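Below is one structure, written out as C-alpha cells; comments come after it.
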Amino acid sequence: MNYKKISFTNSDGLELSGYLELPLNTHPHSYVLFAHCFTCNKNFFAVKNIARALSAKGYGVLRFDFSGLGESDGEFANTTFSGNVEDLLAAADFLASEYAAPEMLIGHSLGGAAAIFAANKLPSVKSVVTIGAPSSPVHVKHLLRSNLDEIEKNGVAEVNVGGRNFTIKKNFLEDINTHDLSHFARDLKKAFLIMHSPQDTVVNISNAETLYKSVKHPKSFLSLDGADHLLTNNEDSKYAGDVIASWASRYLEIPEDKELKTDHQVVANLGKEGFTTQMRAGRHYFTADEPKSFGGEDFGPSPYQLLSAGLASCTSMTIQMYARRKKWPLVNVETHVDHKKTHAEDCENCERNTAKIDIFEREIVLEGNLDEQQQQKLLEIADKCPVHRSLSNKVNITTHLRKI
C-alpha cells in the first residue's frame with residue numbers, strides 16, 4: 001500500500017479529508033475520483049479495496065469524505081445532494097492543481113448519482129463507473145420512508161441508516177427532488193460502466209436497467225452476482241476494482257510499458273528525467289531508483305542497494321547449499337548487509353582526504369540445531385560466495401558504445 005493523507009477546501013470553505021492511493025513503484029498514468037455511498041466514508045472497506053485494486057494497476061485514486069462525514073468538516077444535517085456534487089468538483093480541482101485532472105469518476109450507490117452530475121462539469125473525465133447506483137437521487141427516500149412525514153412536518157428528523165443515526169433536514173429532500181438523473185445522463189458524452197448486483201436489496205437492479213437505457217454508447221454493464229449492496233465481501237470489491245481497471249484502459253490514454261530487450265544478461269533503461277530506471281535481468285523485470293533525499297522517487301532500490309542485495313542473496317544461497325551437501329540441520333539462513341564508504345586506513349592515497357573504500361558490513365543469522373564448529377565453518381563458507389569473491393577481487397569493466 002502506498003497512500004497519502006490529504007485535505008482540501010470545498011466551495012463552502014469546509015476542509016475535506018481524504019486519502020490518495022498511489023502505485024508502489026511508478027507515477028500514476030491516470031487519476032480517479034471516488035464518491036462513496038450515502039452516509040458512508042472514505043475508509044469503508046469496499047472503497048479501500050476498489051481504490052487499492054486500481055492503484056495496483058497504475059492508477060492514482062482519491063477517496064475522500066463528503067462534508068459532514070468521516071474526518072471532513074461540516075454537519076451532515078446541513079449537507080445536500082447538490083453539496084455532494086460540489087464536493088466532488090472541489091476534489092477534482094484539488095487533483096488538477098496538485099497532481100493531474102481526474103479522467104475517471106467512480107460512484108457507489110448515491111455517490112454514483114453524484115458522480116454522473118459532477119462528470120458533466122469536468123471535461124477531463126472520460127469515463128464514469130457506477131456501483132449499485134440508483135437511477136434517480138429521489139430513490140434515497142425509501143431509506144427514510146418511516147421518517148418522511150416527520151421531516152415534512154417538522155423540517156428535520158433523526159433517521160437510522162445502516163444502524164447509525166443521522167439528522168436529515170427538509171432541504172435535503174427538496175434538493176434531491178430537483179435532480180432528474182436519467183434525463184440528465186442522456187447528454188453526457190462519456191464512457192459508462194454500470195455495475196450492479198441482482199441480489200441488491202437496497203437499490204433494485206431495475207435501477208441499473210434504467211441507467212443503462214439512459215446513457216449513450218460506449219456503455220457496458222457488469223453483473224456483480226452474489227454481492228450485497230455494500231459489497232461487504234472483500235472478494236466482490238476487489239473483483240470490481242480489477243474489472244474497472246481493465247475496462248477503463250480502453251477509454252483512457254494509458255502509455256504502454258516499453259518492452260526491454262537485450263542480448264545481454266541485464267539492461268537498464270532511463271529517460272531524460274529523474275532516476276527511475278526500468279530494469280530487466282534475464283526474464284525478470286523490476287525498477288531501480290534513488291531515495292527522495294537524493295532527488296529520486298524511491299520507486300525501487302538504489303544501485304548500491306541492488307549491489308548489497310546481490311551479496312546478501314549469494315551469501316544465503318552459498319551457506320545453505322553447503323549445509324545441505326553436508327546434511328547439517330540448518331533450517332534457515334538470513335543475511336543482512338549494509339554498505340558505506342569510509343576512509344582507507346592503508347592505501348596509496350592516504351594523504352588525500354578523498355581516498356575512500358567501500359565497506360560491506362554483513363550480519364548472518366543461522367537457524368537450526370548447529371554446534372559451534374558447524375557455525376564457524378558456515379561463516380567461513382560465507383566468504384567463498386561468488387559475489388563476495390567478485391567484490392573482493394580486482395574487477396575490469398569494459399564499455400562499448402552501440403550505435404542506434
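By order in the C-alpha cells, chains are A, B, ...; within a chain, residues start at 1; ligands start at 1, following the order shown.
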
Please produce, as a tab-separated table, a per-residue contact table for region 226-334 of chain A versus region 26-33 of chain A (criterion: any atom at most 12 Å away, only C-alpha atoms considered), showing the nearest atom pair and its distance in Å to one decimal, sorted by chain then residue number.
residue	atom	partner	partner_atom	distance
A:Gly241	CA	A:Val32	CA	11.8
A:Ile244	CA	A:Val32	CA	10.9
A:Ala245	CA	A:Val32	CA	10.4
A:Ala248	CA	A:Ser30	CA	10.1
A:Ser249	CA	A:Ser30	CA	9.8
A:Tyr251	CA	A:Ser30	CA	11.2
A:Leu252	CA	A:Ser30	CA	7.8
A:Glu253	CA	A:Ser30	CA	8.2
A:Ile254	CA	A:His29	CA	6.0
A:Pro255	CA	A:His29	CA	7.2
A:Glu256	CA	A:His29	CA	9.9
A:Asp257	CA	A:His29	CA	10.8
A:Gly274	CA	A:His27	CA	11.6
A:Phe275	CA	A:Thr26	CA	11.5
A:Thr276	CA	A:Thr26	CA	8.1
A:Thr277	CA	A:Thr26	CA	10.2
A:Gln278	CA	A:Thr26	CA	10.1
A:Phe286	CA	A:Thr26	CA	11.0
A:Thr287	CA	A:Thr26	CA	8.7
A:Ala288	CA	A:Thr26	CA	10.6
A:Asp289	CA	A:Thr26	CA	10.3
A:Gly296	CA	A:Thr26	CA	11.4
A:Glu297	CA	A:Thr26	CA	8.4
A:Asp298	CA	A:Thr26	CA	9.2
A:Phe299	CA	A:Thr26	CA	6.1
A:Gly300	CA	A:Thr26	CA	9.0

Residues as selected, N, CA, C and O atoms, written as a short mmCIF file (atom, residue, chain, number, x, y, z; two decimals), in the first residue's frame, can you do that?
data_model
loop_
_atom_site.label_atom_id
_atom_site.label_comp_id
_atom_site.auth_asym_id
_atom_site.auth_seq_id
_atom_site.Cartn_x
_atom_site.Cartn_y
_atom_site.Cartn_z
N GLY A 241 -12.81 -3.72 -8.53
CA GLY A 241 -11.66 -2.87 -8.82
C GLY A 241 -10.85 -3.38 -9.99
O GLY A 241 -10.42 -2.61 -10.86
N ILE A 244 -12.80 -2.73 -13.26
CA ILE A 244 -12.79 -1.30 -13.61
C ILE A 244 -11.46 -0.93 -14.25
O ILE A 244 -11.41 -0.21 -15.25
N ALA A 245 -10.36 -1.40 -13.67
CA ALA A 245 -9.03 -1.08 -14.20
C ALA A 245 -8.88 -1.55 -15.63
O ALA A 245 -8.36 -0.82 -16.50
N ALA A 248 -11.43 0.46 -18.08
CA ALA A 248 -11.06 1.85 -18.32
C ALA A 248 -9.88 1.98 -19.28
O ALA A 248 -9.75 3.01 -19.97
N SER A 249 -9.03 0.97 -19.35
CA SER A 249 -7.86 1.05 -20.22
C SER A 249 -8.25 1.21 -21.69
O SER A 249 -7.44 1.65 -22.50
N TYR A 251 -10.57 3.29 -22.69
CA TYR A 251 -11.05 4.65 -22.89
C TYR A 251 -10.09 5.72 -22.40
O TYR A 251 -10.29 6.91 -22.68
N LEU A 252 -9.06 5.33 -21.67
CA LEU A 252 -8.07 6.30 -21.19
C LEU A 252 -6.77 6.11 -21.95
O LEU A 252 -6.46 5.01 -22.42
N GLU A 253 -6.01 7.17 -22.08
CA GLU A 253 -4.73 7.09 -22.78
C GLU A 253 -3.65 6.64 -21.80
O GLU A 253 -3.00 7.44 -21.15
N ILE A 254 -3.49 5.33 -21.70
CA ILE A 254 -2.52 4.75 -20.79
C ILE A 254 -1.29 4.34 -21.60
O ILE A 254 -1.38 3.52 -22.50
N PRO A 255 -0.15 4.93 -21.31
CA PRO A 255 1.05 4.60 -22.08
C PRO A 255 1.44 3.14 -21.90
O PRO A 255 1.37 2.60 -20.80
N GLU A 256 1.84 2.53 -22.98
CA GLU A 256 2.28 1.14 -22.90
C GLU A 256 3.69 1.06 -22.33
O GLU A 256 4.54 1.89 -22.63
N ASP A 257 3.90 0.08 -21.48
CA ASP A 257 5.23 -0.12 -20.94
C ASP A 257 6.17 -0.57 -22.06
O ASP A 257 5.84 -1.48 -22.83
N GLY A 274 14.61 12.44 -14.04
CA GLY A 274 14.62 11.65 -12.82
C GLY A 274 15.63 10.53 -12.83
O GLY A 274 16.53 10.46 -13.68
N PHE A 275 15.48 9.62 -11.86
CA PHE A 275 16.38 8.48 -11.71
C PHE A 275 15.67 7.14 -11.80
O PHE A 275 16.30 6.09 -11.71
N THR A 276 14.35 7.15 -11.97
CA THR A 276 13.59 5.90 -12.02
C THR A 276 14.00 5.11 -13.26
O THR A 276 13.78 5.55 -14.38
N THR A 277 14.58 3.96 -13.03
CA THR A 277 15.18 3.17 -14.11
C THR A 277 14.48 1.82 -14.23
O THR A 277 14.33 1.09 -13.25
N GLN A 278 14.06 1.51 -15.45
CA GLN A 278 13.43 0.22 -15.70
C GLN A 278 14.51 -0.82 -15.98
O GLN A 278 15.42 -0.58 -16.78
N PHE A 286 12.10 -5.27 -13.07
CA PHE A 286 11.99 -4.55 -11.80
C PHE A 286 12.44 -3.10 -12.02
O PHE A 286 12.81 -2.71 -13.13
N THR A 287 12.39 -2.31 -10.96
CA THR A 287 12.68 -0.88 -11.04
C THR A 287 13.79 -0.51 -10.07
O THR A 287 13.81 -0.99 -8.94
N ALA A 288 14.70 0.32 -10.53
CA ALA A 288 15.73 0.89 -9.66
C ALA A 288 15.51 2.39 -9.56
O ALA A 288 14.96 3.01 -10.47
N ASP A 289 15.92 2.98 -8.47
CA ASP A 289 15.71 4.42 -8.28
C ASP A 289 16.70 4.92 -7.23
O ASP A 289 17.51 4.16 -6.69
N GLY A 296 15.50 11.36 -6.13
CA GLY A 296 14.75 10.32 -6.80
C GLY A 296 13.32 10.24 -6.29
O GLY A 296 12.87 11.08 -5.52
N GLU A 297 12.62 9.20 -6.71
CA GLU A 297 11.24 8.99 -6.28
C GLU A 297 11.11 7.81 -5.32
O GLU A 297 10.03 7.52 -4.82
N ASP A 298 12.21 7.08 -5.10
CA ASP A 298 12.21 5.93 -4.20
C ASP A 298 11.23 4.86 -4.66
O ASP A 298 10.59 4.17 -3.85
N PHE A 299 11.11 4.69 -5.99
CA PHE A 299 10.22 3.67 -6.54
C PHE A 299 10.88 2.29 -6.58
O PHE A 299 10.23 1.30 -6.90
N GLY A 300 12.14 2.23 -6.26
CA GLY A 300 12.85 0.96 -6.27
C GLY A 300 14.15 1.10 -5.52
O GLY A 300 14.53 2.20 -5.08
#

Apply DSSP to the backbone of this structure and, from region 293-349 of chain A, keep only the residues in helix (DSSP H, G or I); write these as a list in words.
->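 Output for region 293-349 of chain A, helix (DSSP H, G or I) only: Ser293, Phe294, Pro303, Tyr304, Gln305, Leu306, Leu307, Ser308, Ala309, Gly310, Leu311, Ala312, Ser313, Cys314, Thr315, Ser316, Met317, Thr318, Ile319, Gln320, Met321, Tyr322, Ala323, Arg324, Arg325 and Lys326 of chain A.
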
Item checked: Selection near Lys190 (chain A), 9 Å with only C-alpha atoms, sequence-local residues under 2 positions removed, as a PyMOL selection string -> chain A and resi 119-120+125-128+188+192+215-219

Can you list, as a CSV table (one decimal) with N, CA, C and O atoms, in the first residue's frame, every residue of region 193-234 of chain A that DSSP puts in strand (DSSP E or B)?
chain,number,residue,atom,x,y,z
A,193,LEU,N,-19.6,2.5,-17.3
A,193,LEU,CA,-19.7,1.2,-16.9
A,193,LEU,C,-20.6,1.1,-15.7
A,193,LEU,O,-20.4,1.8,-14.7
A,194,ILE,N,-21.7,0.4,-15.8
A,194,ILE,CA,-22.7,0.3,-14.8
A,194,ILE,C,-22.6,-1.1,-14.1
A,194,ILE,O,-22.8,-2.1,-14.8
A,195,MET,N,-22.3,-1.1,-12.8
A,195,MET,CA,-22.1,-2.4,-12.1
A,195,MET,C,-23.2,-2.5,-11.1
A,195,MET,O,-23.5,-1.5,-10.3
A,196,HIS,N,-23.8,-3.7,-11.0
A,196,HIS,CA,-24.9,-3.8,-10.1
A,196,HIS,C,-25.1,-5.3,-9.8
A,196,HIS,O,-24.8,-6.2,-10.6
A,219,LYS,N,-21.1,2.1,-23.7
A,219,LYS,CA,-21.6,1.8,-22.3
A,219,LYS,C,-21.5,0.3,-22.1
A,219,LYS,O,-21.6,-0.5,-23.0
A,220,SER,N,-21.3,-0.1,-20.9
A,220,SER,CA,-21.2,-1.5,-20.5
A,220,SER,C,-21.9,-1.8,-19.2
A,220,SER,O,-22.0,-0.9,-18.4
A,221,PHE,N,-22.4,-3.0,-19.0
A,221,PHE,CA,-23.0,-3.4,-17.8
A,221,PHE,C,-22.3,-4.7,-17.3
A,221,PHE,O,-22.0,-5.6,-18.0
A,222,LEU,N,-22.0,-4.7,-16.0
A,222,LEU,CA,-21.4,-5.9,-15.3
A,222,LEU,C,-22.3,-6.3,-14.1
A,222,LEU,O,-22.5,-5.5,-13.2
A,223,SER,N,-22.7,-7.5,-14.1
A,223,SER,CA,-23.4,-8.1,-13.0
A,223,SER,C,-22.5,-8.5,-11.9
A,223,SER,O,-21.6,-9.3,-12.1

Item checked: Coordinates-based distance that separates CA of Ala114 (chain A) from CA of Lys42 (chain A) (Å, one decimal) ->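 Between CA of Lys42 (chain A) and CA of Ala114 (chain A) the gap works out to 15.2 Å.
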
Residue nearest Gly132 (chain A) among A:Ser237, A:Thr79, A:Thr9, A:Asn41 (counting only C-alpha atoms):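 Residue with the minimum atom-to-atom distance to Gly132 (chain A): A:Ser237.
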
* To do: Tell me which protein, DNA and RNA residues are within 10 Å of Asp358 (chain A), counting only C-alpha atoms, leaving out same-chain ones fewer than 2 positions away, and put them as a list of chain:residue names.
  =>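 Answer for this query is A:His339, A:Lys340, A:Lys341, A:Thr342, A:His343, A:Ala344, A:Lys356, A:Phe360, A:Glu361, A:Leu391.
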
Please produce a file of the residues just selected, as a JSON list (two decimals), in the first residue's frame, where the atoms kept are N, CA and C atoms.
[["chain", "number", "residue", "atom", "x", "y", "z"],
["A", 339, "HIS", "N", 25.98, -1.07, 3.37],
["A", 339, "HIS", "CA", 27.10, -0.58, 2.56],
["A", 339, "HIS", "C", 27.42, 0.86, 2.96],
["A", 340, "LYS", "N", 28.70, 1.18, 3.02],
["A", 340, "LYS", "CA", 29.12, 2.56, 3.27],
["A", 340, "LYS", "C", 30.51, 2.75, 2.69],
["A", 341, "LYS", "N", 30.90, 4.00, 2.58],
["A", 341, "LYS", "CA", 32.25, 4.34, 2.14],
["A", 341, "LYS", "C", 32.97, 4.97, 3.32],
["A", 342, "THR", "N", 34.21, 4.56, 3.53],
["A", 342, "THR", "CA", 34.97, 5.10, 4.66],
["A", 342, "THR", "C", 36.40, 5.35, 4.21],
["A", 343, "HIS", "N", 37.08, 6.19, 4.95],
["A", 343, "HIS", "CA", 38.47, 6.48, 4.62],
["A", 343, "HIS", "C", 39.33, 5.24, 4.82],
["A", 344, "ALA", "N", 40.17, 4.98, 3.85],
["A", 344, "ALA", "CA", 41.05, 3.81, 3.92],
["A", 344, "ALA", "C", 42.12, 4.02, 4.98],
["A", 356, "LYS", "N", 38.67, 6.96, -0.30],
["A", 356, "LYS", "CA", 37.73, 6.14, 0.46],
["A", 356, "LYS", "C", 37.61, 4.76, -0.18],
["A", 360, "PHE", "N", 31.35, -3.29, 3.09],
["A", 360, "PHE", "CA", 30.09, -4.02, 3.20],
["A", 360, "PHE", "C", 30.09, -4.73, 4.55],
["A", 361, "GLU", "N", 29.15, -4.34, 5.40],
["A", 361, "GLU", "CA", 29.02, -4.97, 6.71],
["A", 361, "GLU", "C", 27.92, -6.04, 6.63],
["A", 391, "LEU", "N", 33.51, -9.01, -5.45],
["A", 391, "LEU", "CA", 33.69, -7.72, -4.81],
["A", 391, "LEU", "C", 35.07, -7.58, -4.19]]
